[in-house]
>>> print(open('structure-v1.cif').read())   # mmCIF, C-alpha atoms; chains and numbers go by the auth columns
data_start
loop_
_atom_site.group_PDB
_atom_site.id
_atom_site.type_symbol
_atom_site.label_atom_id
_atom_site.label_comp_id
_atom_site.label_asym_id
_atom_site.label_seq_id
_atom_site.Cartn_x
_atom_site.Cartn_y
_atom_site.Cartn_z
_atom_site.B_iso_or_equiv
_atom_site.auth_seq_id
_atom_site.auth_asym_id
ATOM 1 C CA MET A 1 11.599 -73.370 -60.113 0.00 1 Y
ATOM 2 C CA PRO A 2 10.117 -73.792 -56.629 0.00 2 Y
ATOM 3 C CA HIS A 3 13.331 -73.354 -54.651 0.00 3 Y
ATOM 4 C CA TYR A 4 13.933 -69.851 -55.967 0.00 4 Y
ATOM 5 C CA TRP A 5 10.319 -68.749 -55.660 0.00 5 Y
ATOM 6 C CA ASP A 6 10.399 -69.970 -52.053 0.00 6 Y
ATOM 7 C CA ILE A 7 12.999 -67.307 -51.296 0.00 7 Y
ATOM 8 C CA GLY A 8 10.640 -64.667 -52.620 0.00 8 Y
ATOM 9 C CA PHE A 9 7.815 -66.038 -50.538 0.00 9 Y
ATOM 10 C CA VAL A 10 9.924 -66.099 -47.340 0.00 10 Y
ATOM 11 C CA LEU A 11 10.660 -62.422 -47.921 0.00 11 Y
ATOM 12 C CA SER A 12 7.054 -61.628 -48.805 0.00 12 Y
ATOM 13 C CA ALA A 13 5.176 -63.564 -46.145 0.00 13 Y
ATOM 14 C CA ARG A 14 7.278 -62.313 -43.248 0.00 14 Y
ATOM 15 C CA LEU A 15 7.050 -58.673 -44.267 0.00 15 Y
ATOM 16 C CA GLN A 16 3.280 -58.790 -44.722 0.00 16 Y
ATOM 17 C CA ARG A 17 2.760 -59.366 -40.998 0.00 17 Y
ATOM 18 C CA ARG A 18 2.577 -55.809 -39.665 0.00 18 Y
ATOM 19 C CA PRO A 19 4.060 -55.539 -36.124 0.00 19 Y
ATOM 20 C CA PRO A 20 2.205 -53.474 -33.532 0.00 20 Y
ATOM 21 C CA ASN A 21 5.219 -51.490 -32.325 0.00 21 Y
ATOM 22 C CA ARG A 22 8.736 -50.427 -33.241 0.00 22 Y
ATOM 23 C CA VAL A 23 10.504 -52.974 -31.039 0.00 23 Y
ATOM 24 C CA ILE A 24 8.695 -55.905 -32.610 0.00 24 Y
ATOM 25 C CA CYS A 25 9.279 -54.348 -36.041 0.00 25 Y
ATOM 26 C CA LEU A 26 13.045 -54.301 -35.463 0.00 26 Y
ATOM 27 C CA VAL A 27 13.041 -57.878 -34.186 0.00 27 Y
ATOM 28 C CA LEU A 28 10.974 -59.053 -37.146 0.00 28 Y
ATOM 29 C CA THR A 29 13.219 -57.267 -39.638 0.00 29 Y
ATOM 30 C CA ALA A 30 16.292 -58.935 -38.154 0.00 30 Y
ATOM 31 C CA ALA A 31 14.561 -62.333 -38.201 0.00 31 Y
ATOM 32 C CA VAL A 32 13.609 -61.933 -41.854 0.00 32 Y
ATOM 33 C CA ALA A 33 17.155 -60.925 -42.747 0.00 33 Y
ATOM 34 C CA VAL A 34 18.545 -64.023 -41.021 0.00 34 Y
ATOM 35 C CA ALA A 35 15.956 -66.316 -42.630 0.00 35 Y
ATOM 36 C CA VAL A 36 16.612 -64.973 -46.101 0.00 36 Y
ATOM 37 C CA SER A 37 20.375 -65.114 -45.530 0.00 37 Y
ATOM 38 C CA VAL A 38 20.160 -68.809 -44.669 0.00 38 Y
ATOM 39 C CA ARG A 39 18.044 -69.553 -47.720 0.00 39 Y
ATOM 40 C CA GLU A 40 20.447 -67.474 -49.812 0.00 40 Y
ATOM 41 C CA GLN A 41 23.346 -69.707 -48.798 0.00 41 Y
ATOM 42 C CA GLU A 42 21.340 -72.843 -49.593 0.00 42 Y
ATOM 43 C CA THR A 43 20.377 -71.442 -52.981 0.00 43 Y
ATOM 44 C CA MET A 44 23.912 -70.472 -53.912 0.00 44 Y
ATOM 45 C CA GLN A 45 25.082 -73.970 -53.018 0.00 45 Y
ATOM 46 C CA ALA A 46 22.332 -75.451 -55.166 0.00 46 Y
ATOM 47 C CA ALA A 47 23.238 -73.092 -58.003 0.00 47 Y
ATOM 48 C CA GLU A 48 26.710 -74.610 -58.137 0.00 48 Y
ATOM 49 C CA ARG A 49 25.159 -77.963 -59.069 0.00 49 Y
ATOM 50 C CA VAL A 50 23.108 -76.691 -62.030 0.00 50 Y
ATOM 51 C CA PRO A 51 23.906 -74.501 -65.068 0.00 51 Y
ATOM 52 C CA GLY A 52 25.116 -71.219 -63.573 0.00 52 Y
ATOM 53 C CA VAL A 53 23.344 -68.696 -65.776 0.00 53 Y
ATOM 54 C CA ALA A 54 19.912 -70.332 -65.552 0.00 54 Y
ATOM 55 C CA ALA A 55 20.166 -70.699 -61.763 0.00 55 Y
ATOM 56 C CA GLU A 56 21.215 -67.080 -61.278 0.00 56 Y
ATOM 57 C CA TYR A 57 18.378 -65.700 -63.376 0.00 57 Y
ATOM 58 C CA ASP A 58 15.821 -67.877 -61.596 0.00 58 Y
ATOM 59 C CA LEU A 59 16.996 -66.236 -58.382 0.00 59 Y
ATOM 60 C CA LYS A 60 16.942 -62.745 -59.913 0.00 60 Y
ATOM 61 C CA LEU A 61 13.406 -63.230 -61.186 0.00 61 Y
ATOM 62 C CA ALA A 62 12.270 -64.365 -57.742 0.00 62 Y
ATOM 63 C CA ARG A 63 13.817 -61.236 -56.261 0.00 63 Y
ATOM 64 C CA LEU A 64 12.081 -59.010 -58.814 0.00 64 Y
ATOM 65 C CA TYR A 65 8.750 -60.608 -57.967 0.00 65 Y
ATOM 66 C CA ALA A 66 9.175 -60.469 -54.188 0.00 66 Y
ATOM 67 C CA THR A 67 10.471 -56.909 -53.914 0.00 67 Y
ATOM 68 C CA SER A 68 7.764 -55.563 -56.236 0.00 68 Y
ATOM 69 C CA LYS A 69 5.190 -56.588 -53.635 0.00 69 Y
ATOM 70 C CA PHE A 70 6.600 -53.982 -51.291 0.00 70 Y
ATOM 71 C CA ILE A 71 6.781 -51.002 -53.608 0.00 71 Y
ATOM 72 C CA ALA A 72 3.656 -48.869 -54.079 0.00 72 Y
ATOM 73 C CA TRP A 73 2.786 -47.559 -57.536 0.00 73 Y
ATOM 74 C CA PRO A 74 0.473 -44.543 -57.994 0.00 74 Y
ATOM 75 C CA ASP A 75 -2.129 -46.643 -59.798 0.00 75 Y
ATOM 76 C CA ASP A 76 -2.281 -49.424 -57.176 0.00 76 Y
ATOM 77 C CA ALA A 77 -5.450 -48.084 -55.555 0.00 77 Y
ATOM 78 C CA LYS A 78 -7.128 -47.137 -58.837 0.00 78 Y
ATOM 79 C CA THR A 79 -6.631 -50.222 -60.990 0.00 79 Y
ATOM 80 C CA GLN A 80 -6.815 -53.302 -58.784 0.00 80 Y
ATOM 81 C CA THR A 81 -7.700 -55.584 -61.685 0.00 81 Y
ATOM 82 C CA ALA A 82 -5.525 -54.097 -64.435 0.00 82 Y
ATOM 83 C CA PRO A 83 -2.412 -56.141 -65.298 0.00 83 Y
ATOM 84 C CA PHE A 84 0.904 -55.434 -63.645 0.00 84 Y
ATOM 85 C CA VAL A 85 3.153 -55.046 -66.685 0.00 85 Y
ATOM 86 C CA ILE A 86 6.765 -56.201 -66.632 0.00 86 Y
ATOM 87 C CA GLY A 87 8.924 -55.220 -69.574 0.00 87 Y
ATOM 88 C CA VAL A 88 12.244 -56.908 -70.343 0.00 88 Y
ATOM 89 C CA ILE A 89 14.550 -55.417 -72.954 0.00 89 Y
ATOM 90 C CA ASP A 90 15.790 -58.040 -75.422 0.00 90 Y
ATOM 91 C CA PRO A 91 17.592 -60.422 -75.062 0.00 91 Y
ATOM 92 C CA ASP A 92 15.420 -62.128 -72.451 0.00 92 Y
ATOM 93 C CA PRO A 93 17.848 -63.739 -69.971 0.00 93 Y
ATOM 94 C CA PHE A 94 15.245 -65.623 -67.920 0.00 94 Y
ATOM 95 C CA HIS A 95 15.110 -68.853 -69.946 0.00 95 Y
ATOM 96 C CA GLY A 96 11.349 -69.386 -69.842 0.00 96 Y
ATOM 97 C CA GLY A 97 10.954 -67.885 -66.375 0.00 97 Y
ATOM 98 C CA LEU A 98 8.826 -64.999 -67.668 0.00 98 Y
ATOM 99 C CA GLN A 99 6.144 -67.435 -68.806 0.00 99 Y
ATOM 100 C CA LYS A 100 6.007 -68.935 -65.308 0.00 100 Y
ATOM 101 C CA LEU A 101 5.864 -65.469 -63.798 0.00 101 Y
ATOM 102 C CA ALA A 102 2.945 -64.543 -66.052 0.00 102 Y
ATOM 103 C CA SER A 103 0.883 -67.333 -64.465 0.00 103 Y
ATOM 104 C CA ARG A 104 1.102 -65.651 -61.047 0.00 104 Y
ATOM 105 C CA LYS A 105 -0.456 -62.534 -59.560 0.00 105 Y
ATOM 106 C CA LEU A 106 1.144 -59.524 -57.952 0.00 106 Y
ATOM 107 C CA LYS A 107 -0.896 -57.623 -55.356 0.00 107 Y
ATOM 108 C CA ASP A 108 -3.934 -59.557 -56.629 0.00 108 Y
ATOM 109 C CA ARG A 109 -3.300 -58.213 -60.131 0.00 109 Y
ATOM 110 C CA PRO A 110 -2.584 -60.444 -63.130 0.00 110 Y
ATOM 111 C CA ILE A 111 0.948 -60.179 -64.499 0.00 111 Y
ATOM 112 C CA ARG A 112 1.660 -59.426 -68.146 0.00 112 Y
ATOM 113 C CA VAL A 113 5.212 -59.732 -69.453 0.00 113 Y
ATOM 114 C CA VAL A 114 6.548 -58.038 -72.576 0.00 114 Y
ATOM 115 C CA VAL A 115 9.915 -58.582 -74.268 0.00 115 Y
ATOM 116 C CA ILE A 116 10.974 -55.295 -75.856 0.00 116 Y
ATOM 117 C CA LYS A 117 13.110 -55.734 -78.980 0.00 117 Y
ATOM 118 C CA SER A 118 13.131 -52.133 -80.200 0.00 118 Y
ATOM 119 C CA GLU A 119 12.101 -48.650 -79.136 0.00 119 Y
ATOM 120 C CA GLN A 120 8.908 -49.097 -81.167 0.00 120 Y
ATOM 121 C CA ASP A 121 8.023 -52.166 -79.087 0.00 121 Y
ATOM 122 C CA TYR A 122 8.016 -50.195 -75.852 0.00 122 Y
ATOM 123 C CA GLN A 123 4.720 -49.808 -74.055 0.00 123 Y
ATOM 124 C CA PRO A 124 4.023 -48.367 -70.609 0.00 124 Y
ATOM 125 C CA CYS A 125 5.033 -50.802 -67.886 0.00 125 Y
ATOM 126 C CA HIS A 126 5.382 -50.894 -64.128 0.00 126 Y
ATOM 127 C CA LEU A 127 8.751 -52.608 -64.054 0.00 127 Y
ATOM 128 C CA LEU A 128 11.453 -52.423 -66.725 0.00 128 Y
ATOM 129 C CA PHE A 129 14.393 -54.843 -66.588 0.00 129 Y
ATOM 130 C CA ILE A 130 17.611 -54.079 -68.481 0.00 130 Y
ATOM 131 C CA PRO A 131 19.776 -57.187 -69.112 0.00 131 Y
ATOM 132 C CA THR A 132 23.538 -56.925 -69.307 0.00 132 Y
ATOM 133 C CA ASP A 133 23.540 -57.790 -73.020 0.00 133 Y
ATOM 134 C CA ALA A 134 20.876 -55.260 -74.070 0.00 134 Y
ATOM 135 C CA LYS A 135 21.936 -52.931 -76.877 0.00 135 Y
ATOM 136 C CA PRO A 136 22.980 -49.561 -75.402 0.00 136 Y
ATOM 137 C CA GLU A 137 21.210 -47.514 -78.087 0.00 137 Y
ATOM 138 C CA ILE A 138 17.896 -49.283 -77.404 0.00 138 Y
ATOM 139 C CA VAL A 139 18.356 -48.925 -73.641 0.00 139 Y
ATOM 140 C CA ASP A 140 19.039 -45.188 -73.934 0.00 140 Y
ATOM 141 C CA ALA A 141 16.035 -44.614 -76.197 0.00 141 Y
ATOM 142 C CA ILE A 142 13.668 -46.508 -73.909 0.00 142 Y
ATOM 143 C CA LEU A 143 14.975 -44.865 -70.739 0.00 143 Y
ATOM 144 C CA LYS A 144 14.221 -41.466 -72.274 0.00 144 Y
ATOM 145 C CA ARG A 145 10.620 -42.576 -72.737 0.00 145 Y
ATOM 146 C CA THR A 146 10.321 -43.515 -69.057 0.00 146 Y
ATOM 147 C CA VAL A 147 11.545 -40.163 -67.694 0.00 147 Y
ATOM 148 C CA ASN A 148 9.242 -38.872 -64.923 0.00 148 Y
ATOM 149 C CA GLN A 149 7.065 -41.983 -65.291 0.00 149 Y
ATOM 150 C CA PRO A 150 6.255 -44.386 -62.409 0.00 150 Y
ATOM 151 C CA VAL A 151 8.425 -47.156 -63.855 0.00 151 Y
ATOM 152 C CA LEU A 152 10.658 -49.242 -61.601 0.00 152 Y
ATOM 153 C CA VAL A 153 13.806 -49.526 -63.709 0.00 153 Y
ATOM 154 C CA TRP A 154 16.068 -52.444 -62.817 0.00 154 Y
ATOM 155 C CA ARG A 155 19.525 -52.978 -64.246 0.00 155 Y
ATOM 156 C CA ASP A 156 20.994 -56.465 -64.364 0.00 156 Y
ATOM 157 C CA GLU A 157 24.252 -55.172 -62.912 0.00 157 Y
ATOM 158 C CA ALA A 158 25.126 -51.875 -61.246 0.00 158 Y
ATOM 159 C CA ASP A 159 26.620 -49.447 -63.774 0.00 159 Y
ATOM 160 C CA PRO A 160 27.355 -46.056 -62.171 0.00 160 Y
ATOM 161 C CA LEU A 161 28.394 -44.516 -65.488 0.00 161 Y
ATOM 162 C CA ASN A 162 24.998 -45.208 -67.050 0.00 162 Y
ATOM 163 C CA ALA A 163 22.729 -45.155 -64.012 0.00 163 Y
ATOM 164 C CA THR A 164 20.428 -42.318 -65.077 0.00 164 Y
ATOM 165 C CA GLY A 165 16.850 -43.339 -64.362 0.00 165 Y
ATOM 166 C CA VAL A 166 17.804 -46.665 -62.776 0.00 166 Y
ATOM 167 C CA ALA A 167 16.281 -47.254 -59.340 0.00 167 Y
ATOM 168 C CA CYS A 168 17.487 -50.794 -58.575 0.00 168 Y
ATOM 169 C CA SER A 169 20.349 -53.036 -59.643 0.00 169 Y
ATOM 170 C CA PHE A 170 21.647 -56.476 -58.791 0.00 170 Y
ATOM 171 C CA VAL A 171 25.097 -56.519 -57.199 0.00 171 Y
ATOM 172 C CA ARG A 172 27.412 -59.440 -56.407 0.00 172 Y
ATOM 173 C CA GLN A 173 29.114 -59.436 -53.018 0.00 173 Y
ATOM 174 C CA GLY A 174 31.068 -62.623 -52.615 0.00 174 Y
ATOM 175 C CA GLU A 175 28.564 -65.427 -53.069 0.00 175 Y
ATOM 176 C CA SER A 176 25.562 -63.246 -52.247 0.00 176 Y
ATOM 177 C CA LEU A 177 23.267 -61.539 -54.732 0.00 177 Y
ATOM 178 C CA LEU A 178 22.311 -58.149 -53.309 0.00 178 Y
ATOM 179 C CA ILE A 179 19.900 -55.465 -54.440 0.00 179 Y
ATOM 180 C CA GLU A 180 21.189 -51.915 -54.761 0.00 180 Y
ATOM 181 C CA ALA A 181 18.348 -49.395 -54.393 0.00 181 Y
ATOM 182 C CA ASP A 182 18.332 -45.650 -55.015 0.00 182 Y
ATOM 183 C CA PRO A 183 15.579 -44.072 -52.862 0.00 183 Y
ATOM 184 C CA VAL A 184 16.075 -40.683 -54.545 0.00 184 Y
ATOM 185 C CA GLU A 185 15.250 -42.153 -57.933 0.00 185 Y
ATOM 186 C CA LEU A 186 12.314 -44.097 -56.474 0.00 186 Y
ATOM 187 C CA LYS A 187 10.889 -40.874 -55.057 0.00 187 Y
ATOM 188 C CA ARG A 188 11.449 -39.040 -58.337 0.00 188 Y
ATOM 189 C CA ARG A 189 9.368 -41.697 -60.067 0.00 189 Y
ATOM 190 C CA LYS A 190 6.651 -41.510 -57.399 0.00 190 Y
ATOM 191 C CA LEU A 191 7.334 -45.041 -56.201 0.00 191 Y
ATOM 192 C CA GLU A 192 7.088 -45.732 -52.470 0.00 192 Y
ATOM 193 C CA PRO A 193 9.123 -48.636 -51.054 0.00 193 Y
ATOM 194 C CA ASP A 194 8.217 -50.274 -47.771 0.00 194 Y
ATOM 195 C CA GLY A 195 10.789 -49.007 -45.256 0.00 195 Y
ATOM 196 C CA ARG A 196 11.246 -52.482 -43.807 0.00 196 Y
ATOM 197 C CA LEU A 197 12.242 -53.797 -47.232 0.00 197 Y
ATOM 198 C CA LEU A 198 15.054 -51.235 -47.471 0.00 198 Y
ATOM 199 C CA SER A 199 16.324 -52.308 -44.047 0.00 199 Y
ATOM 200 C CA LEU A 200 17.000 -55.924 -45.056 0.00 200 Y
ATOM 201 C CA ASN A 201 20.591 -57.131 -45.345 0.00 201 Y
ATOM 202 C CA LEU A 202 19.862 -58.128 -48.938 0.00 202 Y
ATOM 203 C CA VAL A 203 19.278 -54.494 -49.875 0.00 203 Y
ATOM 204 C CA ARG A 204 22.058 -51.937 -50.126 0.00 204 Y
ATOM 205 C CA VAL A 205 20.787 -48.361 -50.209 0.00 205 Y
ATOM 206 C CA VAL A 206 22.634 -45.870 -52.390 0.00 206 Y
ATOM 207 C CA LYS A 207 21.862 -42.226 -53.005 0.00 207 Y
ATOM 208 C CA GLN A 208 22.726 -41.491 -56.599 0.00 208 Y
ATOM 209 C CA GLY A 209 19.586 -39.756 -57.824 0.00 209 Y
ATOM 210 C CA LYS A 210 21.153 -39.092 -61.202 0.00 210 Y
#
>>> encode(input="structure-v1.cif", output="structure tokens")
Amino acid sequence: MPHYWDIGFVLSARLQRRPPNRVICLVLTAAVAVAVSVREQETMQAAERVPGVAAEYDLKLARLYATSKFIAWPDDAKTQTAPFVIGVIDPDPFHGGLQKLASRKLKDRPIRVVVIKSEQDYQPCHLLFIPTDAKPEIVDAILKRTVNQPVLVWRDEADPLNATGVACSFVRQGESLLIEADPVELKRRKLEPDGRLLSLNLVRVVKQGK
């Protein structure tokens, strides 16, 4: 799925160039936002020509991968070679995308993906993705096990009534797929996002901290 991964790489490559001063930083942030916005429009147009669900989850997976590069976990400095573990609560909506993701690296660390079908299947992970169709009782049980742990919990769609412990969600705004981020929850979980990432037009900052 090269087109969708390209979006992640546009976001990643531009942010990795550290500007020497605040003015350049602001200019670069605006440029990245514009570049990603243009690619977003191209991707959404392409998505209309292929099966909708598969195209959308290719894009979501690319966003998960790209944004994770710009969030610091407590163990980043200690375990450079240990796998970066991504857990997805069943059912897996990515249609084979997880296998492709597992062939890549994140922050020079190998990626290991785990599909979690029950509470007993849960194992410590860096990122936990909750699909829309996941069983609520399994979601609740697993979220309780991640309390006060450095786990980046993503929900497939924003759900304010059940947002406890969730740091990021995907949100539709017209034809755009945005990321809703809760910096209070990120801080509670000892996760440090790159400030420039939170300033992008693709990211909508909320302050739930539930």
>>> resolve_selection(input="structure-v1.cif", expression="the PyMOL selection byres ((chain Y and resi 113) around 6)", output="ChimeraX atom specification")
/Y:85-87,112,114
>>> closest_residue(input="structure-v1.cif", among="Y:His95, Y:Lys100, Y:Arg172, Y:Lys144", to="Y:Asp156", atoms="all atoms listed in the file")
Y:Arg172
>>> closest_residue(input="structure-v1.cif", among="Y:Gln149, Y:Gln123, Y:Ser176, Y:Ser68", to="Y:Ile89", atoms="only C-alpha atoms")
Y:Gln123
>>> atom_distance(input="structure-v1.cif", atom1="atom CA of Y:Asp140", atom2="atom CA of Y:Val171")
21.1 Å
>>> closest_residue(input="structure-v1.cif", among="Y:Ala72, Y:Thr81, Y:Asp90, Y:Ala102", to="Y:Leu186", atoms="all atoms listed in the file")
Y:Ala72
>>> residues_near_point(input="structure-v1.cif", point="(9.5, -54.3, -63.0)", cutoff="7 Å", atoms="only C-alpha atoms", output="short mmCIF file (atom, residue, chain, number, x, y, z; two decimals) with C-alpha atoms, in the frame of the given file")
data_model
loop_
_atom_site.label_atom_id
_atom_site.label_comp_id
_atom_site.auth_asym_id
_atom_site.auth_seq_id
_atom_site.Cartn_x
_atom_site.Cartn_y
_atom_site.Cartn_z
CA LEU Y 64 12.08 -59.01 -58.81
CA ILE Y 86 6.76 -56.20 -66.63
CA GLY Y 87 8.92 -55.22 -69.57
CA HIS Y 126 5.38 -50.89 -64.13
CA LEU Y 127 8.75 -52.61 -64.05
CA LEU Y 128 11.45 -52.42 -66.72
CA PHE Y 129 14.39 -54.84 -66.59
CA LEU Y 152 10.66 -49.24 -61.60
CA VAL Y 153 13.81 -49.53 -63.71
CA TRP Y 154 16.07 -52.44 -62.82
#
>>> closest_residue(input="structure-v1.cif", among="Y:Val115, Y:Ala167, Y:Val88, Y:Val147", to="Y:Thr132", atoms="all atoms listed in the file")
Y:Val88
